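What follows is a set of notes on a single structure, which appears directly below.
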Amino acid sequence: MTTITSPHAGHGDHGGHHDHDVSYLHPKGGIWTTIWDWASTIDHKKIGVMYLVAILFMFFLGGMAAIAVRLELMEPTREVTVAGKNVVTGQLLAFGQSLQKGNENYNRMFTLHGAIMVFMVIVPSVPASLGNFLLPLMLGAKDVAFPRLNLLSWYVYVLGSIFAVAAIIMGGVDTGWTFYTPYSTTTDVEGNMAYWRIVSMILAAFILGFSSIFTGLNFVVTVHKLRAPGMGWFDMPLFVWGIYGAAIIQVLATPVIGITLLLLIFERLFRIGIFDPAMGGDPVLFQHFFWFYSHPVVYVMILPGMAIINEIIAVYSRKRIFGYRAVAFSTLAIAAISFIVWGHHLFTSEGEVAAVVFSAITFLVAIPSAIKVFNWIATLYKGSIRLTTPMLYALGFLFLFTIGGLTGLPLGTLSVDLHLHDSYFVVAHFHYVMMGSTIIAFIGGIHHWWPKMFGRMYNEFFAKIGFWLVFIGFNVTFFPQFMMGAHGMPRRYASYTDEFLIYHQISTIGSWVLLVGFLVHLFVFIHSLLAGRLAPPNPCGGLTLEWTDAASPPIEHNFHHEPVVNHGPYDYDDVFPKQADPKEFPMPAPLPAGARAH
Amino acid sequence: MNSLLLTAGSFSDAHQRFWIGKPGNSTYAADVESAYMFIVWVSIISFAVLMGVMFYFVARYRARPGLAPERSPAHNTALEVTWSVAPMIILVIIFFWGFRGYMKVQLAPSDAEEIVMRGQKWNWSATYVNGAQSQESVRLSASPEHRGVVDVPVFVVPAGRPIRLRMTSADVIHAFWIPDFRMKMDVIPNRFTSLNFEAMREGEEHEVFCAEYCGDYHSEMAALIRVLPPAEYEQKLREWADFISKLPPVERGQAIWKQKCATCHTVDGGKNTGPSWKDVFGEEQELSDGARVVADENYIRESIYEPAKKIVKGYQNQMPTFQGQINDKELEGIIAYMKSISKHAPAAAPAPQPAAGAAGAGEKKDEQKKNP
Ligand code: HEM
Ligand SMILES: [Cu+2]
Ligand SMILES: [Cu+2]
């Protein structure tokens, strides 16, 4: 499998004599032509970039809502006597109106934050943007299996987001992103606007589900059918494995939430009595349906994040991923087990037997996650580690994901969860895994593939400053929430008793640091697009096809010739990357006689 | 040696306080805390080992001139099997630890005393074995200068006796969480759930929070539990059972308002979730369908028992029914109280002063606070 010479070495440098040999970013004509070209493109790279822009925009919206939520919590709602008069403090979001209004605004704000971040940011984040861009490149294909379906999924995503934004403009929704019944079927029932905005938000989630299914389906078929000649299943980069595992879950789990959301809408519109106890329905049934989708989906969120980490760690330590097969199989194991643990979200509402079974299986799913962490750390052993921005993000991921995973343990423990459920401890846990892991990996991945996507380098110094602000800001924001929750602070509270004051204030201050960190990254990206140094084809010395066989940025059809794979994605010990600078990436010394490398 | 043990003890004490707080006050709490602290230790140790190794590798193998990557095996079966099996063993221990505690709280002793706990937007009401209901309320975090914004009920439980809360909700799902008892349970409409506990130390007070999101005043849906010596507990129940029925009608109405209605209805004309009661009796009301009715005794009765039937314009259909919650005698009191604060009811007695002198006056000392 491993040879040093490749029959195609050097072919990537072919000049661009044909039209389709120019960079995919090259404008097709005037401004309108170019806009039409993008809007009607079936090029997976453009669609990936369009997704990236849309997702980052939604991330910004959701982030602003988060800042508002944290601001409200800077001070608890208190009645104080000033000069003989009672005034209410800590009601920032009331804008001078009543206490009830303030609470209501707060509720709408955290719902907005949660719904955007889950349905419009984290679920599509890595697969739809980086996955779209990279999957065909890594497999040596010209495009995904169904390019038109791919474009449709982007429009469906935008349509879903429009429904969500419409719901916000109509006044926002106060159900929480989980839409638990019977609250969601009985709130806001008076007045047309109020009535329909919830339907609009539920429809948004429903529509976004289709976008997710289209993408997932596309990726599964692409991985099965479009691998380059010579690329067996175990020659695929682990990025592809992660995206593949997530895609399978997307295809299998999303229809369930689709049906559930439809039932919810029918319940609201026609009062059919599936979930509403007032009509003989079962309110907990909704939670089962909901988590049957939403637990597997946490792995749709994390597997692609892990997928990125594989690539970054391998490239920047110049090592083969330790235990490649174990990592690949644990991806599939996670995908499979994730379907049978949903009940751990209902320990406080379901029967005893079910709770015990779900607790047991939940611990099972922790093992493959742990194995992955061990493998990544072992990969660093005897490597040649370069602490670039993506690598800092990958190490940050290991730090934060370890905390996120370990804090899943008390939540999976029956007795302890009766205390911790629906507290800030859960809030902290899922931020460590969703934001601390997936979003951190996502940002690391954007930096890693930025030169490939846009053909320009970014400012390493400021990007690193951005990393440290994000990393520190994140921990300052969310670590106190573990203590807060264990001490008794419930989630989704607009106010609190004084014992939680100090934790909330630290947390709010952390959120400002985090905000500044993200703004620094935004600045780095814009600066790079406008004034960045032109990127060489393989600035990181990677061995996967997007680095070795494609230009930066790639040409429209990705490769001049269909790549032939004759080495593994991480064979740094034996292969020198094409298109890389030999001065920068030393080859390891040969093994002493008798020793076996793998 | 002794002092060494002592230091170790106080360290582990402070350590536990840092992560979860001072020891809880139910027989169940110790189970939760021990399992939790075990997991905390497992986590701290595994985190330290993993990050230690990671940082060591990063420092040791950091790329620098002249340092080429070395070859190393790409997998190692023995190592991989070890690190798959070792966590499994720890996880099995944790699972059983949690299972044991959980079963203990699920299986209440058969002699547990039952208290019916009812959740509704946005307050809790408890009915004790003798039919008594709480007659006291407080502001959480009360200090004269810095206090909560709503009155929450005070409940009592006996120390050292098993209690079973039989809980249900009148509207959406709530959850009854007593952090200091380390337990919570969902409170679900059309269904009973239960929370079993035995409080240990008498004289302590514990906050109760609603832990399942339920709307506007979710964060104000709280209560305070006082743990009393059993004799005092019995005494309190008798006092509360007699309290309301012994009051004259207007005071009776006011007491019920405070207990059940004050989260949503003011009596000073201020707008809240529901219309204020001030001057409502005898006034013409415009309904959401445009019809007009005069708020007389029958209208009030209907509004309490079938609140969804007529909605005053400008308000939402938020109020649950109080059918079975408020009896005729209490209804009479409410009507009398509403008359007393309405300008349209000239015959009514003047608004009552805080119930000084009435039965059970002793525990109404925070009366003024509740009536801003
Ligand atoms: C070691 C692996 C993990 C374990 C054992 C675990 C366990 C749990 C448990 C038991 C809960 C329910 C807690 C409660 O509501 O009382 C929970 C909540 C949650 N977890 Fe995890 N988890 C793990 C990893 C992850 C990952 C990788 C993600 C996402 C990327 C994730 C996302 C979430 C979310 C979003 C919630 C809360 C949902 C909500 O109520 O809004 N978890 N976790
Ligand atoms: Cu889950
Ligand atoms: Cu609540």
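Identifiers for the structure tokens are assigned positionally: chains receive A, B, ... in sequence, residues are indexed from 1 per chain, and ligands are indexed from 1 in the order shown.
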
* **Surroundings of ligand 2 up to 7 Å, based on only C-alpha atoms and all ligand atoms, as JSON, numbers by chain** => {"A": [295, 298, 341, 342, 344, 345]}

Atoms to include: N, CA, C and O atoms. Write the selected residues as a PDB file, in the first residue's frame.
```pdb
ATOM      1  N   HIS A 295     -31.356  12.641  20.694  1.00  0.00           N
ATOM      2  CA  HIS A 295     -30.100  12.093  21.181  1.00  0.00           C
ATOM      3  C   HIS A 295     -29.186  11.657  20.044  1.00  0.00           C
ATOM      4  O   HIS A 295     -28.042  12.081  20.007  1.00  0.00           O
ATOM      5  N   VAL A 298     -27.204  14.420  18.744  1.00  0.00           N
ATOM      6  CA  VAL A 298     -26.002  14.977  19.381  1.00  0.00           C
ATOM      7  C   VAL A 298     -24.761  14.339  18.768  1.00  0.00           C
ATOM      8  O   VAL A 298     -23.693  14.935  18.753  1.00  0.00           O
ATOM      9  N   VAL A 341     -30.372   5.274  23.464  1.00  0.00           N
ATOM     10  CA  VAL A 341     -30.152   5.845  24.791  1.00  0.00           C
ATOM     11  C   VAL A 341     -31.043   7.046  25.076  1.00  0.00           C
ATOM     12  O   VAL A 341     -30.868   7.718  26.079  1.00  0.00           O
ATOM     13  N   TRP A 342     -32.013   7.326  24.180  1.00  0.00           N
ATOM     14  CA  TRP A 342     -32.751   8.586  24.321  1.00  0.00           C
ATOM     15  C   TRP A 342     -33.396   8.745  25.699  1.00  0.00           C
ATOM     16  O   TRP A 342     -33.556   9.854  26.184  1.00  0.00           O
ATOM     17  N   HIS A 344     -32.361   8.558  28.520  1.00  0.00           N
ATOM     18  CA  HIS A 344     -31.639   9.192  29.625  1.00  0.00           C
ATOM     19  C   HIS A 344     -32.002  10.668  29.772  1.00  0.00           C
ATOM     20  O   HIS A 344     -31.548  11.313  30.704  1.00  0.00           O
ATOM     21  N   HIS A 345     -32.788  11.188  28.873  1.00  0.00           N
ATOM     22  CA  HIS A 345     -33.284  12.555  29.054  1.00  0.00           C
ATOM     23  C   HIS A 345     -34.579  12.568  29.853  1.00  0.00           C
ATOM     24  O   HIS A 345     -35.148  13.618  30.102  1.00  0.00           O
TER      25      HIS A 345
END
```

* To do: Write out as an NGL selection string which residues come within 8 Å of B:Asp268 when counting only C-alpha atoms, dropping same-chain ones fewer than 3 positions away.
  => :B and (276-278)

* Enumerate the residues of stretch 94-261 of chain B with a DSSP assignment of alpha helix (DSSP H), computed from the backbone, and present them as a count of residues only. => 38

* Pick out the residues no farther than 9 Å from ligand 3, counting only C-alpha atoms and all ligand atoms, and list them as a PyMOL selection string. => (chain A and resi 492-493) or (chain B and resi 119-123+172-176+209-222)

* Neighbours of ligand 1 within 6 Å, counting only C-alpha atoms and all ligand atoms, as a ChimeraX atom specification? -> /A:298-299,301-302,344-345,362-363,366,405,408-409,411-412,417,420-422,426,430,433-434

Let's have the selection written as a compact mmCIF listing (two decimals), in the first residue's frame, with N, CA, C and O atoms.
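File part01.txt, as written:
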```txt
# COMPACT_ATOMS: atom_id res chain seq x y z
N VAL A 298 -27.20 14.42 18.74
CA VAL A 298 -26.00 14.98 19.38
C VAL A 298 -24.76 14.34 18.77
O VAL A 298 -23.69 14.93 18.75
N TYR A 299 -24.91 13.14 18.23
CA TYR A 299 -23.76 12.54 17.56
C TYR A 299 -23.62 13.00 16.12
O TYR A 299 -22.53 12.95 15.56
N MET A 301 -23.88 15.99 15.69
CA MET A 301 -23.13 17.20 15.99
C MET A 301 -21.66 16.87 16.28
O MET A 301 -20.77 17.60 15.87
N ILE A 302 -21.41 15.79 17.02
CA ILE A 302 -20.05 15.59 17.50
C ILE A 302 -19.19 14.79 16.52
O ILE A 302 -17.99 15.05 16.40
N HIS A 344 -32.36 8.56 28.52
CA HIS A 344 -31.64 9.19 29.62
C HIS A 344 -32.00 10.67 29.77
O HIS A 344 -31.55 11.31 30.70
N HIS A 345 -32.79 11.19 28.87
CA HIS A 345 -33.28 12.55 29.05
C HIS A 345 -34.58 12.57 29.85
O HIS A 345 -35.15 13.62 30.10
N THR A 362 -26.45 4.10 28.35
CA THR A 362 -25.77 5.38 28.22
C THR A 362 -24.29 5.26 28.54
O THR A 362 -23.44 5.83 27.87
N PHE A 363 -23.98 4.47 29.57
CA PHE A 363 -22.57 4.31 29.90
C PHE A 363 -21.82 3.60 28.78
O PHE A 363 -20.64 3.85 28.54
N ALA A 366 -20.38 5.85 26.23
CA ALA A 366 -19.24 6.66 26.66
C ALA A 366 -17.92 6.00 26.26
O ALA A 366 -16.91 6.68 26.06
N GLY A 405 -17.29 15.02 28.10
CA GLY A 405 -17.60 13.60 28.20
C GLY A 405 -17.67 13.14 29.64
O GLY A 405 -18.60 12.43 30.04
N GLY A 408 -20.75 13.93 31.39
CA GLY A 408 -21.90 13.12 31.01
C GLY A 408 -22.12 11.98 32.00
O GLY A 408 -23.22 11.48 32.13
N LEU A 409 -21.05 11.59 32.70
CA LEU A 409 -21.18 10.44 33.61
C LEU A 409 -22.14 10.70 34.76
O LEU A 409 -23.04 9.88 34.98
N LEU A 411 -24.54 12.62 34.80
CA LEU A 411 -25.89 12.75 34.23
C LEU A 411 -26.47 11.40 33.86
O LEU A 411 -27.68 11.20 33.89
N GLY A 412 -25.62 10.47 33.51
CA GLY A 412 -26.10 9.14 33.17
C GLY A 412 -26.34 8.27 34.40
O GLY A 412 -26.94 7.21 34.32
N ASP A 417 -28.62 11.94 38.60
CA ASP A 417 -29.37 12.74 37.63
C ASP A 417 -30.69 13.25 38.20
O ASP A 417 -31.18 14.30 37.77
N LEU A 420 -29.39 16.44 39.21
CA LEU A 420 -28.80 17.35 38.23
C LEU A 420 -29.69 17.67 37.03
O LEU A 420 -29.48 18.67 36.35
N HIS A 421 -30.67 16.82 36.76
CA HIS A 421 -31.49 17.00 35.58
C HIS A 421 -32.10 18.41 35.53
O HIS A 421 -32.52 18.94 36.55
N ASP A 422 -32.12 18.98 34.33
CA ASP A 422 -32.70 20.32 34.13
C ASP A 422 -32.07 21.39 35.01
O ASP A 422 -32.72 22.39 35.34
N VAL A 426 -26.50 20.54 33.45
CA VAL A 426 -26.79 20.03 32.10
C VAL A 426 -26.41 21.09 31.06
O VAL A 426 -25.84 20.78 30.02
N PHE A 430 -23.71 20.27 28.09
CA PHE A 430 -23.91 20.24 26.65
C PHE A 430 -23.23 21.40 25.94
O PHE A 430 -22.94 21.30 24.77
N VAL A 433 -19.81 19.91 25.21
CA VAL A 433 -19.74 19.01 24.06
C VAL A 433 -20.17 19.67 22.76
O VAL A 433 -19.62 19.37 21.71
N MET A 434 -21.13 20.57 22.81
CA MET A 434 -21.59 21.15 21.55
C MET A 434 -20.73 22.33 21.14
O MET A 434 -20.23 22.40 20.04
```

Write out as JSON lines a residue-level contact list of chain B versus chain A with cut-off 7 Å: for each qualifying residue the closest pair of atoms and the distance in Å to one decimal, counting only C-alpha atoms, rows sorted by chain and residue number upward.
```
{"residue": "B:Trp19", "atom": "CA", "partner": "A:Met483", "partner_atom": "CA", "distance": 5.5}
{"residue": "B:Ile20", "atom": "CA", "partner": "A:Ala486", "partner_atom": "CA", "distance": 4.9}
{"residue": "B:Gly21", "atom": "CA", "partner": "A:His487", "partner_atom": "CA", "distance": 5.6}
{"residue": "B:Val32", "atom": "CA", "partner": "A:Val416", "partner_atom": "CA", "distance": 5.2}
{"residue": "B:Tyr36", "atom": "CA", "partner": "A:Pro410", "partner_atom": "CA", "distance": 6.4}
{"residue": "B:Ile39", "atom": "CA", "partner": "A:Pro410", "partner_atom": "CA", "distance": 6.6}
{"residue": "B:Ser43", "atom": "CA", "partner": "A:Leu406", "partner_atom": "CA", "distance": 5.9}
{"residue": "B:Phe47", "atom": "CA", "partner": "A:Thr402", "partner_atom": "CA", "distance": 6.8}
{"residue": "B:Met51", "atom": "CA", "partner": "A:Phe399", "partner_atom": "CA", "distance": 6.9}
{"residue": "B:Met54", "atom": "CA", "partner": "A:Ile377", "partner_atom": "CA", "distance": 5.7}
{"residue": "B:Phe57", "atom": "CA", "partner": "A:Tyr381", "partner_atom": "CA", "distance": 6.0}
{"residue": "B:Val58", "atom": "CA", "partner": "A:Ile385", "partner_atom": "CA", "distance": 6.5}
{"residue": "B:Tyr61", "atom": "CA", "partner": "A:Ser384", "partner_atom": "CA", "distance": 5.5}
{"residue": "B:Arg62", "atom": "CA", "partner": "A:Ile385", "partner_atom": "CA", "distance": 4.5}
{"residue": "B:Ala63", "atom": "CA", "partner": "A:Ser384", "partner_atom": "CA", "distance": 4.6}
{"residue": "B:Ala68", "atom": "CA", "partner": "A:Pro588", "partner_atom": "CA", "distance": 5.3}
{"residue": "B:Pro69", "atom": "CA", "partner": "A:Gly383", "partner_atom": "CA", "distance": 4.8}
{"residue": "B:Glu70", "atom": "CA", "partner": "A:Pro588", "partner_atom": "CA", "distance": 5.3}
{"residue": "B:Arg71", "atom": "CA", "partner": "A:Pro588", "partner_atom": "CA", "distance": 6.3}
{"residue": "B:Ser72", "atom": "CA", "partner": "A:Ala597", "partner_atom": "CA", "distance": 5.9}
{"residue": "B:Pro73", "atom": "CA", "partner": "A:Ala597", "partner_atom": "CA", "distance": 4.6}
{"residue": "B:Ala74", "atom": "CA", "partner": "A:Phe322", "partner_atom": "CA", "distance": 4.9}
{"residue": "B:His75", "atom": "CA", "partner": "A:Gly323", "partner_atom": "CA", "distance": 4.7}
{"residue": "B:Ser84", "atom": "CA", "partner": "A:Ile371", "partner_atom": "CA", "distance": 6.4}
{"residue": "B:Pro87", "atom": "CA", "partner": "A:Ile367", "partner_atom": "CA", "distance": 7.0}
{"residue": "B:Met88", "atom": "CA", "partner": "A:Ile367", "partner_atom": "CA", "distance": 7.0}
{"residue": "B:Leu91", "atom": "CA", "partner": "A:Phe363", "partner_atom": "CA", "distance": 6.3}
{"residue": "B:Ile94", "atom": "CA", "partner": "A:Thr413", "partner_atom": "CA", "distance": 6.8}
{"residue": "B:Phe95", "atom": "CA", "partner": "A:Thr413", "partner_atom": "CA", "distance": 5.9}
{"residue": "B:Gly98", "atom": "CA", "partner": "A:Ser415", "partner_atom": "CA", "distance": 4.7}
{"residue": "B:Phe99", "atom": "CA", "partner": "A:Leu414", "partner_atom": "CA", "distance": 5.8}
{"residue": "B:Gly101", "atom": "CA", "partner": "A:Ser415", "partner_atom": "CA", "distance": 5.3}
{"residue": "B:Tyr102", "atom": "CA", "partner": "A:Ser415", "partner_atom": "CA", "distance": 4.5}
{"residue": "B:Leu140", "atom": "CA", "partner": "A:Thr497", "partner_atom": "CA", "distance": 6.9}
{"residue": "B:Ser141", "atom": "CA", "partner": "A:Thr497", "partner_atom": "CA", "distance": 5.9}
{"residue": "B:Glu145", "atom": "CA", "partner": "A:Val80", "partner_atom": "CA", "distance": 5.2}
{"residue": "B:His146", "atom": "CA", "partner": "A:Val80", "partner_atom": "CA", "distance": 5.0}
{"residue": "B:Arg147", "atom": "CA", "partner": "A:Glu79", "partner_atom": "CA", "distance": 5.3}
{"residue": "B:Gly148", "atom": "CA", "partner": "A:Arg78", "partner_atom": "CA", "distance": 5.1}
{"residue": "B:Val149", "atom": "CA", "partner": "A:Glu79", "partner_atom": "CA", "distance": 5.6}
{"residue": "B:Val172", "atom": "CA", "partner": "A:Tyr183", "partner_atom": "CA", "distance": 5.4}
{"residue": "B:Pro179", "atom": "CA", "partner": "A:Gly488", "partner_atom": "CA", "distance": 4.9}
{"residue": "B:Arg182", "atom": "CA", "partner": "A:His419", "partner_atom": "CA", "distance": 4.7}
{"residue": "B:Met183", "atom": "CA", "partner": "A:His419", "partner_atom": "CA", "distance": 4.5}
{"residue": "B:Lys184", "atom": "CA", "partner": "A:Leu418", "partner_atom": "CA", "distance": 5.5}
{"residue": "B:Met185", "atom": "CA", "partner": "A:Thr348", "partner_atom": "CA", "distance": 5.0}
{"residue": "B:Asp186", "atom": "CA", "partner": "A:Ser349", "partner_atom": "CA", "distance": 5.5}
{"residue": "B:Pro189", "atom": "CA", "partner": "A:Pro277", "partner_atom": "CA", "distance": 6.4}
{"residue": "B:Asn190", "atom": "CA", "partner": "A:Pro277", "partner_atom": "CA", "distance": 6.0}
{"residue": "B:Ala211", "atom": "CA", "partner": "A:Pro490", "partner_atom": "CA", "distance": 5.5}
{"residue": "B:Glu212", "atom": "CA", "partner": "A:Asp422", "partner_atom": "CA", "distance": 6.8}
{"residue": "B:Tyr213", "atom": "CA", "partner": "A:Arg492", "partner_atom": "CA", "distance": 6.4}
{"residue": "B:Cys214", "atom": "CA", "partner": "A:Tyr183", "partner_atom": "CA", "distance": 6.7}
{"residue": "B:Asp216", "atom": "CA", "partner": "A:Glu104", "partner_atom": "CA", "distance": 5.2}
{"residue": "B:Tyr217", "atom": "CA", "partner": "A:Asn103", "partner_atom": "CA", "distance": 6.8}
{"residue": "B:His218", "atom": "CA", "partner": "A:Tyr493", "partner_atom": "CA", "distance": 6.7}
{"residue": "B:Ser219", "atom": "CA", "partner": "A:Tyr493", "partner_atom": "CA", "distance": 4.6}
{"residue": "B:Gln316", "atom": "CA", "partner": "A:Glu190", "partner_atom": "CA", "distance": 6.2}
```

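The space between atom CA of A:Phe454 and atom CA of A:Gly140 spans 19.2 Å.
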
Each residue of stretch 133-246 of chain B lying at most 8 Å from stretch 110-117 of chain B should get a row with its shortest atom-to-atom pair and the distance in Å to one decimal, counting only C-alpha atoms; could you produce that, ordered by chain and increasing number, as a Markdown table?
```
| residue | atom | partner | partner_atom | distance |
| --- | --- | --- | --- | --- |
| B:Arg161 | CA | B:Ala112 | CA | 7.4 |
| B:Pro162 | CA | B:Ala112 | CA | 4.7 |
| B:Ile163 | CA | B:Glu113 | CA | 4.8 |
| B:Arg164 | CA | B:Glu114 | CA | 4.8 |
| B:Leu165 | CA | B:Ile115 | CA | 4.9 |
| B:Arg166 | CA | B:Val116 | CA | 4.8 |
| B:Met167 | CA | B:Met117 | CA | 4.6 |
| B:Thr168 | CA | B:Met117 | CA | 6.6 |
```

For the selection you just gave me, I'd like the residues written to a file as a tab-separated table (two decimals), in the first residue's frame, keeping all heavy atoms.
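Below you can see result_8.tsv, which holds the result:
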```
chain	number	residue	atom	x	y	z
B	161	ARG	N	-39.24	11.34	59.42
B	161	ARG	CA	-40.38	10.49	59.06
B	161	ARG	C	-40.51	10.44	57.56
B	161	ARG	O	-40.40	11.48	56.90
B	161	ARG	CB	-41.65	11.07	59.68
B	161	ARG	CG	-41.99	10.36	60.97
B	161	ARG	CD	-43.20	10.85	61.68
B	161	ARG	NE	-44.25	11.43	60.88
B	161	ARG	CZ	-45.20	12.20	61.42
B	161	ARG	NH1	-45.18	12.47	62.72
B	161	ARG	NH2	-46.16	12.70	60.69
B	162	PRO	N	-40.75	9.26	57.00
B	162	PRO	CA	-40.84	9.18	55.53
B	162	PRO	C	-42.07	9.92	55.00
B	162	PRO	O	-43.16	9.81	55.57
B	162	PRO	CB	-40.95	7.68	55.25
B	162	PRO	CG	-41.40	7.07	56.53
B	162	PRO	CD	-40.91	7.94	57.63
B	163	ILE	N	-41.83	10.66	53.94
B	163	ILE	CA	-42.91	11.43	53.31
B	163	ILE	C	-42.98	11.04	51.85
B	163	ILE	O	-41.96	10.76	51.22
B	163	ILE	CB	-42.60	12.94	53.39
B	163	ILE	CG1	-42.66	13.43	54.83
B	163	ILE	CG2	-43.55	13.75	52.51
B	163	ILE	CD1	-44.06	13.53	55.38
B	164	ARG	N	-44.19	10.98	51.34
B	164	ARG	CA	-44.35	10.72	49.92
B	164	ARG	C	-45.17	11.87	49.36
B	164	ARG	O	-46.30	12.10	49.78
B	164	ARG	CB	-45.08	9.40	49.74
B	164	ARG	CG	-45.49	9.09	48.33
B	164	ARG	CD	-46.48	7.92	48.37
B	164	ARG	NE	-46.78	7.46	47.03
B	164	ARG	CZ	-46.06	6.55	46.36
B	164	ARG	NH1	-45.01	6.01	46.94
B	164	ARG	NH2	-46.39	6.21	45.15
B	165	LEU	N	-44.56	12.61	48.42
B	165	LEU	CA	-45.33	13.66	47.77
B	165	LEU	C	-46.04	13.01	46.59
B	165	LEU	O	-45.40	12.40	45.74
B	165	LEU	CB	-44.43	14.77	47.24
B	165	LEU	CG	-43.65	15.62	48.23
B	165	LEU	CD1	-42.94	16.74	47.48
B	165	LEU	CD2	-44.57	16.21	49.28
B	166	ARG	N	-47.37	13.12	46.58
B	166	ARG	CA	-48.09	12.65	45.40
B	166	ARG	C	-48.40	13.89	44.59
B	166	ARG	O	-49.08	14.80	45.05
B	166	ARG	CB	-49.37	11.92	45.81
B	166	ARG	CG	-50.01	11.17	44.67
B	166	ARG	CD	-50.83	9.98	45.19
B	166	ARG	NE	-51.86	10.40	46.12
B	166	ARG	CZ	-53.04	10.91	45.74
B	166	ARG	NH1	-53.31	11.07	44.47
B	166	ARG	NH2	-53.94	11.26	46.63
B	167	MET	N	-47.85	13.94	43.37
B	167	MET	CA	-47.85	15.23	42.67
B	167	MET	C	-48.62	15.15	41.35
B	167	MET	O	-48.58	14.14	40.65
B	167	MET	CB	-46.41	15.64	42.39
B	167	MET	CG	-45.52	15.57	43.63
B	167	MET	SD	-43.92	16.34	43.41
B	167	MET	CE	-43.18	15.23	42.24
B	168	THR	N	-49.25	16.25	41.02
B	168	THR	CA	-49.88	16.35	39.71
B	168	THR	C	-49.93	17.82	39.31
B	168	THR	O	-49.75	18.70	40.14
B	168	THR	CB	-51.28	15.72	39.71
B	168	THR	OG1	-51.76	15.69	38.35
B	168	THR	CG2	-52.25	16.52	40.55
```

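Contact shell of A:Leu392 at 8 Å (only C-alpha atoms; same-chain neighbours under 3 positions omitted): A:Leu387, A:Thr388, A:Thr389, A:Leu395, A:Gly396, A:Gly444, A:Lys464, A:Phe467.
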
* To do: Any chance you could list, as a PyMOL selection string, the residues in stretch 143-331 of chain B that come up strand (DSSP E) when DSSP is run on the backbone?
  => chain B and resi 146-147+152-158+162-169+174-178+183-187+193-198+205-210+222-228+284-286+292-294

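Pairwise distance (atom CA of B:Ser26, atom CA of B:Tyr233) equals 16.7 Å.
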
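Among the candidates B:Gly24, B:Lys246, B:Ile90, B:Asp13, the residue lying nearest to B:Phe38 is B:Ile90 (atoms considered: only C-alpha atoms).
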
* To do: Kindly give the distance, in Å, that separates atom CA of B:Val227 and atom CA of B:Pro158, rounded to a single decimal.
  => 5.6 Å
